[in-house]
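J.: Can you read through this structure? Questions will come right after.
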Amino acid sequence: MRKYLGLLAILLIGVLALSACTAMPAAPAGEQATEAAAEAPADAAADAATEGVYAGVDPTGQTVVWWHQHTGSREEKLLALLDEFNSTNEYGITIDPQNQGGYDEIRDKVNSSIAAGELPAALLVGYQNDQSFYQLNDVLVDLNTLMNDPTWGLTAEEVADFYPTFLEQSVNPIFDNQRLGFPPNRSMEVLFYNQSWLEELGFSGPPATPEEFKTMACAAAEAVGDGTGGYILRDDASALAAWTFAFGGHVLTEDGKSYVFNGPATVEAMTFLKDLYDAGCAYFFTEGYPNTQFAARKGIFAQGSTSGIPFYAGDVAKVAEEQGTEPDVWGVAAIPHTTADPMQNIYGGDVMITKTTPEQELAAWVFIKWFTSPEIQARWSDISGYFPTRASTAEFFSDALKANAPFQQGVELLPFSAYEPQLISYTSVRDKATEAFNAIMQGADIQQTLDDLTTFANEQEQTMMAEAQ
């Protein structure tokens, strides 16, 4: 869009439509498109597009099918939001949302379509490793083309508004740094902590360092005295990555093309967690969920996705109601870290545009720009509980989100983030990472176990890449 800023003087005929396109997301909830947008000819922006891949392409009247995973009340509210887009966008674009099950089901359906020589929906949702598989068959549009388009792209100011890591996560090093998806929302790996209990034990707040974390977890475990009370261990690949980041390392090589689960930071992090476990200050829960154990004071710390915040809130309130007491005050914090700043594991599905027709692709992009505008992102956060991907979205949060202390604590951590692998094999590698985590807790040699995990992961990547081509 930097080119766009320089071309404004010679594109005067398109100013009205371009202004309408920018103003569209800013319309308050429930209002129609702005007066300027309503008066603009539907094809004015297309006429103005004289440069770039989409020069002369008109998205007017396109229907874009979107395969998504949202269900229940979230889907119901999403449909209402999409109805608003469908009835107010100046191009008469219609988004046709179709639930296709979870991420795994969507992946299977897309792959089946590809194998049958058919095109999947024009708009998809999925993780970054899914994008790698799809692009082996040249299915996805490189969104760098649209994001940097002189007419349809984003301004430099709009790009800068996105948290940098969130945009970087969608750039795939395996495919010449093509941008294969775009981030509508994100979740984050965090530490859930019981503030009320910490204060009872003489601590002022959550830990920042591993040493503080161990002191607090062991104090809680000693107070309970039955093997619980400390840190409720999370043992999956996201936890392994989160602790590696917190100890200053990565689970990918610098070029992003290979796994490295056996670096010094991962070894140090797993050694720390093993010591915590052996000291009786961390435990694996065997019944219920971490949020139920946390609410019942079976753990002063738990770890998981911020998408679980509503569940933690509900369980803490339920326990207080059953006991006739005031609910514990609780919150979320960064994973205890050895680095100067936190380094949080963020994750979430992208929206992807498949290669159909230029008109369909452009219509899908017009919707993505609307859906990721700050005002709409704020409403989507209210609906979904996900974090926004743009910093200015916070200005438009509802009163309920502003009053949601754990959510706001998470928002403050969004600038400090890293992400997990985008590699095609990561789904199967995640299962192996969980096995390795548990083996280490049960006494397996840490370095050897992580060496074996790294070897398996890289061999799996090579095998799957070869088979998929």
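By convention here, the chains of the structure tokens are called A, B, ... in the order presented, each chain's residues are numbered starting at 1, and ligands are numbered starting at 1 in the order presented.
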When you look at Glu287 (chain A) with a cut-off of 12 Å (counting only C-alpha atoms), what residues show up, excluding the ones that are within fewer than 6 positions of it in the same chain? I need them as a PyMOL selection string.
T.: chain A and resi 232+293+298
J.: Report as JSON lines: every residue of region 331-426 of chain A with an atom at most 9 Å from region 131-140 of chain A, its closest pair of atoms, and their distance in Å to one decimal, counting only C-alpha atoms, with rows sorted by chain and ascending residue number.
T.:
{"residue": "A:Met352", "atom": "CA", "partner": "A:Leu140", "partner_atom": "CA", "distance": 6.9}
{"residue": "A:Ile353", "atom": "CA", "partner": "A:Leu140", "partner_atom": "CA", "distance": 5.8}
{"residue": "A:Thr354", "atom": "CA", "partner": "A:Leu140", "partner_atom": "CA", "distance": 4.4}
{"residue": "A:Lys355", "atom": "CA", "partner": "A:Leu140", "partner_atom": "CA", "distance": 5.5}
{"residue": "A:Thr356", "atom": "CA", "partner": "A:Val139", "partner_atom": "CA", "distance": 8.8}
{"residue": "A:Gln422", "atom": "CA", "partner": "A:Ser132", "partner_atom": "CA", "distance": 7.0}
{"residue": "A:Leu423", "atom": "CA", "partner": "A:Ser132", "partner_atom": "CA", "distance": 6.3}
{"residue": "A:Ile424", "atom": "CA", "partner": "A:Ser132", "partner_atom": "CA", "distance": 5.3}
{"residue": "A:Ser425", "atom": "CA", "partner": "A:Phe133", "partner_atom": "CA", "distance": 8.8}
J.: Save the residues we just selected, N, CA and C atoms, as an mmCIF file, in the first residue's frame?
T.:
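File written: part08.cif
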data_model
loop_
_atom_site.group_PDB
_atom_site.id
_atom_site.type_symbol
_atom_site.label_atom_id
_atom_site.label_comp_id
_atom_site.auth_asym_id
_atom_site.auth_seq_id
_atom_site.Cartn_x
_atom_site.Cartn_y
_atom_site.Cartn_z
ATOM 1 N N MET A 352 -7.676 -18.200 4.776
ATOM 2 C CA MET A 352 -6.898 -18.414 3.567
ATOM 3 C C MET A 352 -7.803 -18.221 2.357
ATOM 4 N N ILE A 353 -7.247 -17.704 1.295
ATOM 5 C CA ILE A 353 -7.978 -17.535 0.045
ATOM 6 C C ILE A 353 -7.446 -18.541 -0.958
ATOM 7 N N THR A 354 -8.339 -19.354 -1.524
ATOM 8 C CA THR A 354 -7.919 -20.338 -2.515
ATOM 9 C C THR A 354 -7.919 -19.720 -3.907
ATOM 10 N N LYS A 355 -7.155 -20.331 -4.794
ATOM 11 C CA LYS A 355 -7.051 -19.842 -6.170
ATOM 12 C C LYS A 355 -8.297 -20.261 -6.954
ATOM 13 N N THR A 356 -9.173 -19.308 -7.175
ATOM 14 C CA THR A 356 -10.401 -19.566 -7.934
ATOM 15 C C THR A 356 -10.412 -18.669 -9.162
ATOM 16 N N GLN A 422 5.290 -24.047 11.325
ATOM 17 C CA GLN A 422 4.316 -24.026 10.232
ATOM 18 C C GLN A 422 4.465 -25.265 9.350
ATOM 19 N N LEU A 423 5.334 -26.179 9.729
ATOM 20 C CA LEU A 423 5.706 -27.297 8.868
ATOM 21 C C LEU A 423 4.568 -28.296 8.705
ATOM 22 N N ILE A 424 4.532 -28.927 7.553
ATOM 23 C CA ILE A 424 3.453 -29.824 7.186
ATOM 24 C C ILE A 424 3.293 -30.981 8.172
ATOM 25 N N SER A 425 4.375 -31.401 8.787
ATOM 26 C CA SER A 425 4.366 -32.576 9.663
ATOM 27 C C SER A 425 3.961 -32.256 11.104
#
J.: What is the distance, in Å and to one decimal place, between CA of Ala295 (chain A) and CA of Trp197 (chain A)?
T.: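 Between these atoms lies a distance of 11.1 Å.
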J.: Give me the residues within 12 Å of Ala122 (chain A) as a compact mmCIF listing (two decimals) with N, CA and C atoms, in the first residue's frame, counting only C-alpha atoms and dropping any in the same chain fewer than 3 places off.
T.:
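Dumped everything to around33.txt:
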# COMPACT_ATOMS: atom_id res chain seq x y z
N GLN A 62 -20.04 -10.86 -6.14
CA GLN A 62 -19.49 -12.20 -5.92
C GLN A 62 -20.06 -12.83 -4.64
N THR A 63 -20.27 -14.14 -4.69
CA THR A 63 -20.62 -14.92 -3.50
C THR A 63 -19.41 -15.77 -3.13
N VAL A 64 -18.94 -15.61 -1.90
CA VAL A 64 -17.74 -16.30 -1.43
C VAL A 64 -18.12 -17.31 -0.36
N VAL A 65 -17.88 -18.58 -0.63
CA VAL A 65 -18.15 -19.64 0.35
C VAL A 65 -16.99 -19.70 1.33
N TRP A 66 -17.32 -19.70 2.63
CA TRP A 66 -16.31 -19.75 3.70
C TRP A 66 -16.51 -21.01 4.51
N TRP A 67 -15.53 -21.91 4.47
CA TRP A 67 -15.55 -23.09 5.33
C TRP A 67 -14.92 -22.70 6.66
N HIS A 68 -15.70 -22.81 7.73
CA HIS A 68 -15.22 -22.41 9.05
C HIS A 68 -15.55 -23.48 10.08
N ILE A 95 -20.91 -13.22 1.66
CA ILE A 95 -20.14 -14.29 2.29
C ILE A 95 -21.12 -15.38 2.69
N ASP A 96 -20.87 -16.60 2.22
CA ASP A 96 -21.72 -17.75 2.52
C ASP A 96 -20.97 -18.66 3.50
N PRO A 97 -21.21 -18.50 4.81
CA PRO A 97 -20.47 -19.29 5.81
C PRO A 97 -21.02 -20.71 5.92
N GLN A 98 -20.13 -21.68 5.91
CA GLN A 98 -20.53 -23.09 6.00
C GLN A 98 -19.66 -23.80 7.03
N VAL A 110 -10.60 -30.42 2.64
CA VAL A 110 -9.79 -29.70 1.65
C VAL A 110 -8.89 -30.68 0.91
N GLU A 118 -10.74 -31.09 -7.45
CA GLU A 118 -11.76 -30.07 -7.30
C GLU A 118 -11.24 -28.93 -6.43
N LEU A 119 -11.80 -27.76 -6.61
CA LEU A 119 -11.42 -26.63 -5.78
C LEU A 119 -12.23 -26.62 -4.49
N VAL A 125 -10.47 -21.70 6.75
CA VAL A 125 -9.82 -21.41 8.01
C VAL A 125 -8.96 -22.62 8.37
N VAL A 139 -2.59 -24.37 -4.12
CA VAL A 139 -4.02 -24.11 -3.91
C VAL A 139 -4.29 -22.69 -3.42
N LEU A 140 -3.34 -22.09 -2.69
CA LEU A 140 -3.61 -20.84 -1.98
C LEU A 140 -3.03 -19.63 -2.69
N VAL A 141 -3.73 -18.52 -2.54
CA VAL A 141 -3.26 -17.24 -3.04
C VAL A 141 -2.17 -16.70 -2.11
N VAL A 351 -7.31 -17.19 8.12
CA VAL A 351 -8.19 -17.31 6.96
C VAL A 351 -7.30 -17.35 5.73
N MET A 352 -7.68 -18.20 4.78
CA MET A 352 -6.90 -18.41 3.57
C MET A 352 -7.80 -18.22 2.36
N ILE A 353 -7.25 -17.70 1.29
CA ILE A 353 -7.98 -17.53 0.05
C ILE A 353 -7.45 -18.54 -0.96
N THR A 354 -8.34 -19.35 -1.52
CA THR A 354 -7.92 -20.34 -2.52
C THR A 354 -7.92 -19.72 -3.91
N LYS A 355 -7.15 -20.33 -4.79
CA LYS A 355 -7.05 -19.84 -6.17
C LYS A 355 -8.30 -20.26 -6.95
N THR A 356 -9.17 -19.31 -7.17
CA THR A 356 -10.40 -19.57 -7.93
C THR A 356 -10.41 -18.67 -9.16
N THR A 357 -11.08 -17.52 -9.04
CA THR A 357 -11.05 -16.50 -10.08
C THR A 357 -10.57 -15.20 -9.45
N PRO A 358 -10.02 -14.29 -10.24
CA PRO A 358 -9.59 -13.01 -9.66
C PRO A 358 -10.72 -12.29 -8.95
N GLU A 359 -11.93 -12.40 -9.46
CA GLU A 359 -13.07 -11.72 -8.84
C GLU A 359 -13.39 -12.32 -7.48
N GLN A 360 -13.37 -13.66 -7.41
CA GLN A 360 -13.61 -14.33 -6.12
C GLN A 360 -12.51 -14.01 -5.12
N GLU A 361 -11.28 -14.06 -5.56
CA GLU A 361 -10.15 -13.81 -4.68
C GLU A 361 -10.21 -12.39 -4.12
N LEU A 362 -10.53 -11.43 -4.98
CA LEU A 362 -10.59 -10.05 -4.54
C LEU A 362 -11.76 -9.82 -3.59
N ALA A 363 -12.89 -10.46 -3.87
CA ALA A 363 -14.05 -10.34 -2.99
C ALA A 363 -13.73 -10.90 -1.60
N ALA A 364 -13.03 -12.04 -1.58
CA ALA A 364 -12.64 -12.64 -0.29
C ALA A 364 -11.72 -11.69 0.48
N TRP A 365 -10.81 -11.03 -0.24
CA TRP A 365 -9.89 -10.10 0.41
C TRP A 365 -10.62 -8.87 0.95
N PHE A 367 -13.55 -8.83 2.11
CA PHE A 367 -14.15 -9.28 3.38
C PHE A 367 -13.09 -9.39 4.48
J.: Could you give me, as a ChimeraX atom specification, the residues within 9 Å of Met343 (chain A), counting only C-alpha atoms and dropping anything in the same chain fewer than 6 positions from it?
T.: /A:242,245-248,334-335,337,413,415-418
J.: Pick out the closest residue to Glu212 (chain A) from this set: A:Thr338, A:Thr449, A:Glu158, A:Gly249. Count only C-alpha atoms.
T.: A:Thr338
J.: Which residues come within 9 Å of Gln169 (chain A), counting only C-alpha atoms, excluding same-chain residues fewer than 2 positions away, as a ChimeraX atom specification?
T.: /A:128,164-167,171-172,179,181-183,347,418-422
J.: Can I get the selection written as a short mmCIF file (atom, residue, chain, number, x, y, z; two decimals), in the first residue's frame, with N, CA and C atoms?
T.:
data_model
loop_
_atom_site.label_atom_id
_atom_site.label_comp_id
_atom_site.auth_asym_id
_atom_site.auth_seq_id
_atom_site.Cartn_x
_atom_site.Cartn_y
_atom_site.Cartn_z
N GLN A 128 -1.31 -22.95 10.30
CA GLN A 128 -0.25 -22.65 9.35
C GLN A 128 0.34 -23.92 8.74
N PRO A 164 3.46 -7.53 15.00
CA PRO A 164 4.36 -8.05 13.95
C PRO A 164 4.43 -9.58 13.90
N THR A 165 4.51 -10.23 15.05
CA THR A 165 4.64 -11.68 15.05
C THR A 165 3.43 -12.35 14.43
N PHE A 166 2.25 -11.75 14.61
CA PHE A 166 1.03 -12.34 14.07
C PHE A 166 1.07 -12.34 12.54
N LEU A 167 1.60 -11.27 11.95
CA LEU A 167 1.73 -11.23 10.50
C LEU A 167 2.84 -12.17 10.02
N VAL A 171 3.66 -16.13 7.09
CA VAL A 171 4.64 -16.14 6.00
C VAL A 171 5.38 -17.47 6.06
N ASN A 172 5.33 -18.24 4.96
CA ASN A 172 5.84 -19.60 4.99
C ASN A 172 7.22 -19.71 4.34
N ARG A 179 2.82 -15.43 1.70
CA ARG A 179 1.88 -15.23 2.82
C ARG A 179 0.62 -16.05 2.51
N GLY A 181 -1.80 -17.14 4.59
CA GLY A 181 -3.00 -16.91 5.38
C GLY A 181 -2.95 -15.52 5.98
N PHE A 182 -4.02 -15.17 6.67
CA PHE A 182 -4.09 -13.86 7.31
C PHE A 182 -4.74 -14.03 8.68
N PRO A 183 -4.22 -13.33 9.72
CA PRO A 183 -4.65 -13.61 11.10
C PRO A 183 -5.86 -12.80 11.55
N TYR A 347 -1.04 -18.63 19.16
CA TYR A 347 -1.48 -19.55 18.11
C TYR A 347 -2.92 -19.23 17.72
N ALA A 418 5.87 -15.39 20.25
CA ALA A 418 6.53 -16.26 19.29
C ALA A 418 5.50 -17.30 18.86
N TYR A 419 5.86 -18.11 17.86
CA TYR A 419 4.86 -19.06 17.36
C TYR A 419 5.48 -20.42 17.07
N GLU A 420 4.62 -21.40 16.99
CA GLU A 420 5.02 -22.79 16.77
C GLU A 420 5.24 -23.05 15.27
N PRO A 421 5.80 -24.23 14.93
CA PRO A 421 6.15 -24.52 13.54
C PRO A 421 4.98 -24.47 12.56
N GLN A 422 5.29 -24.05 11.32
CA GLN A 422 4.32 -24.03 10.23
C GLN A 422 4.46 -25.26 9.35
#
J.: Would you return as a PyMOL selection string the members of region 140-321 of chain A that DSSP assigns to helix (DSSP H, G or I) on this structure's backbone?
T.: chain A and resi 143-147+156-161+164-168+173-175+195-200+210-224+237-246+264-278+290-295+306-321
J.: Could you give me, as a list in words, the residues within 9 Å of Phe397 (chain A), counting only C-alpha atoms and dropping anything in the same chain fewer than 2 positions from it?
T.: Glu375, Gln377, Ala378, Arg379, Ser381, Asp382, Thr393, Ala394, Glu395, Asp399, Ala400, Leu401 and Lys402 of chain A
